[in-house]
Amino acid sequence: RPAFRVNGTNVSYQTLSNVNLKGSAITTIYNQGNYFNANTGIFTAPVAGLYQVCLIGRTYSNAYAGISSMAVKKLSGAVTTVAAYIEWYNNTSVNHIGGSSVVKLAVGDTLGLYVNSGTITFDNNDSYSVTFLG
């Protein structure tokens, strides 16, 4: 069954827009079936079915003037949808935030983790994972 887990590598992302986390920004903890490509940061579904997506992120600074957000995005053909999403506004007491969802994927659909906006740290305390539910 395909599954992977990725942790960040103590990299801070400040005031970014639609940046895919990949390469040296992540450490692959496990990659059952090798369907996650760490160089591109993209998981490609090998079988159709339901997949569980988990995402945990952390603020870099609560002083950012806008909304900080991260999303796991699904690409199916030319259509992009959000599979999991977390966000927070400035000057909140949030440090870590997480979310989880189940997403239906067809063979060849892809998932990637993106920093949408704001000041976010994706580090070795935080993670992103996908598991096939079967």
# chains A, B, ... in the order shown; residues from 1 in each chain; ligands from 1

$ select_by_dssp --residues "chain A" --states "strand (DSSP E or B)" --output "PyMOL selection string"
chain A and resi 3-8+11-14+19-20+26-32+36-37+42-44+49-59+68-76+79-88+96-105+110-117+119-122+127-132

$ residues_around --residues "Ile97 in chain A" --least-positions-apart "3" --cutoff "9 Å" --atoms "only C-alpha atoms" --output "JSON, numbers by chain"
{"A": [55, 56, 57, 58, 59, 86, 87, 88, 94]}

$ closest_residue --among "A:Ser76, A:Phe132, A:Leu113, A:Phe43" --to "Ala25 in chain A" --atoms "only C-alpha atoms"
A:Leu113

$ residues_around --residues "Val107 in chain A" --least-positions-apart "5" --cutoff "12 Å" --atoms "only C-alpha atoms" --output "list in words"
Tyr35, Phe43, Thr44, Ala45, Pro46, Val47, Ala48, Gly49, Leu50, Tyr51, Leu75, Ser76 and Gly77 of chain A

$ closest_residue --among "A:Met70, A:Ile29, A:Leu105, A:Val115" --to "Leu133 in chain A" --atoms "only C-alpha atoms"
A:Leu105

$ closest_residue --among "A:Gly66, A:Pro2, A:Gly112, A:Gly8" --to "Ala83 in chain A" --atoms "only C-alpha atoms"
A:Gly112

$ atom_distance --atom1 "CA of Lys22 in chain A" --atom2 "CA of Asn37 in chain A"
8.5 Å
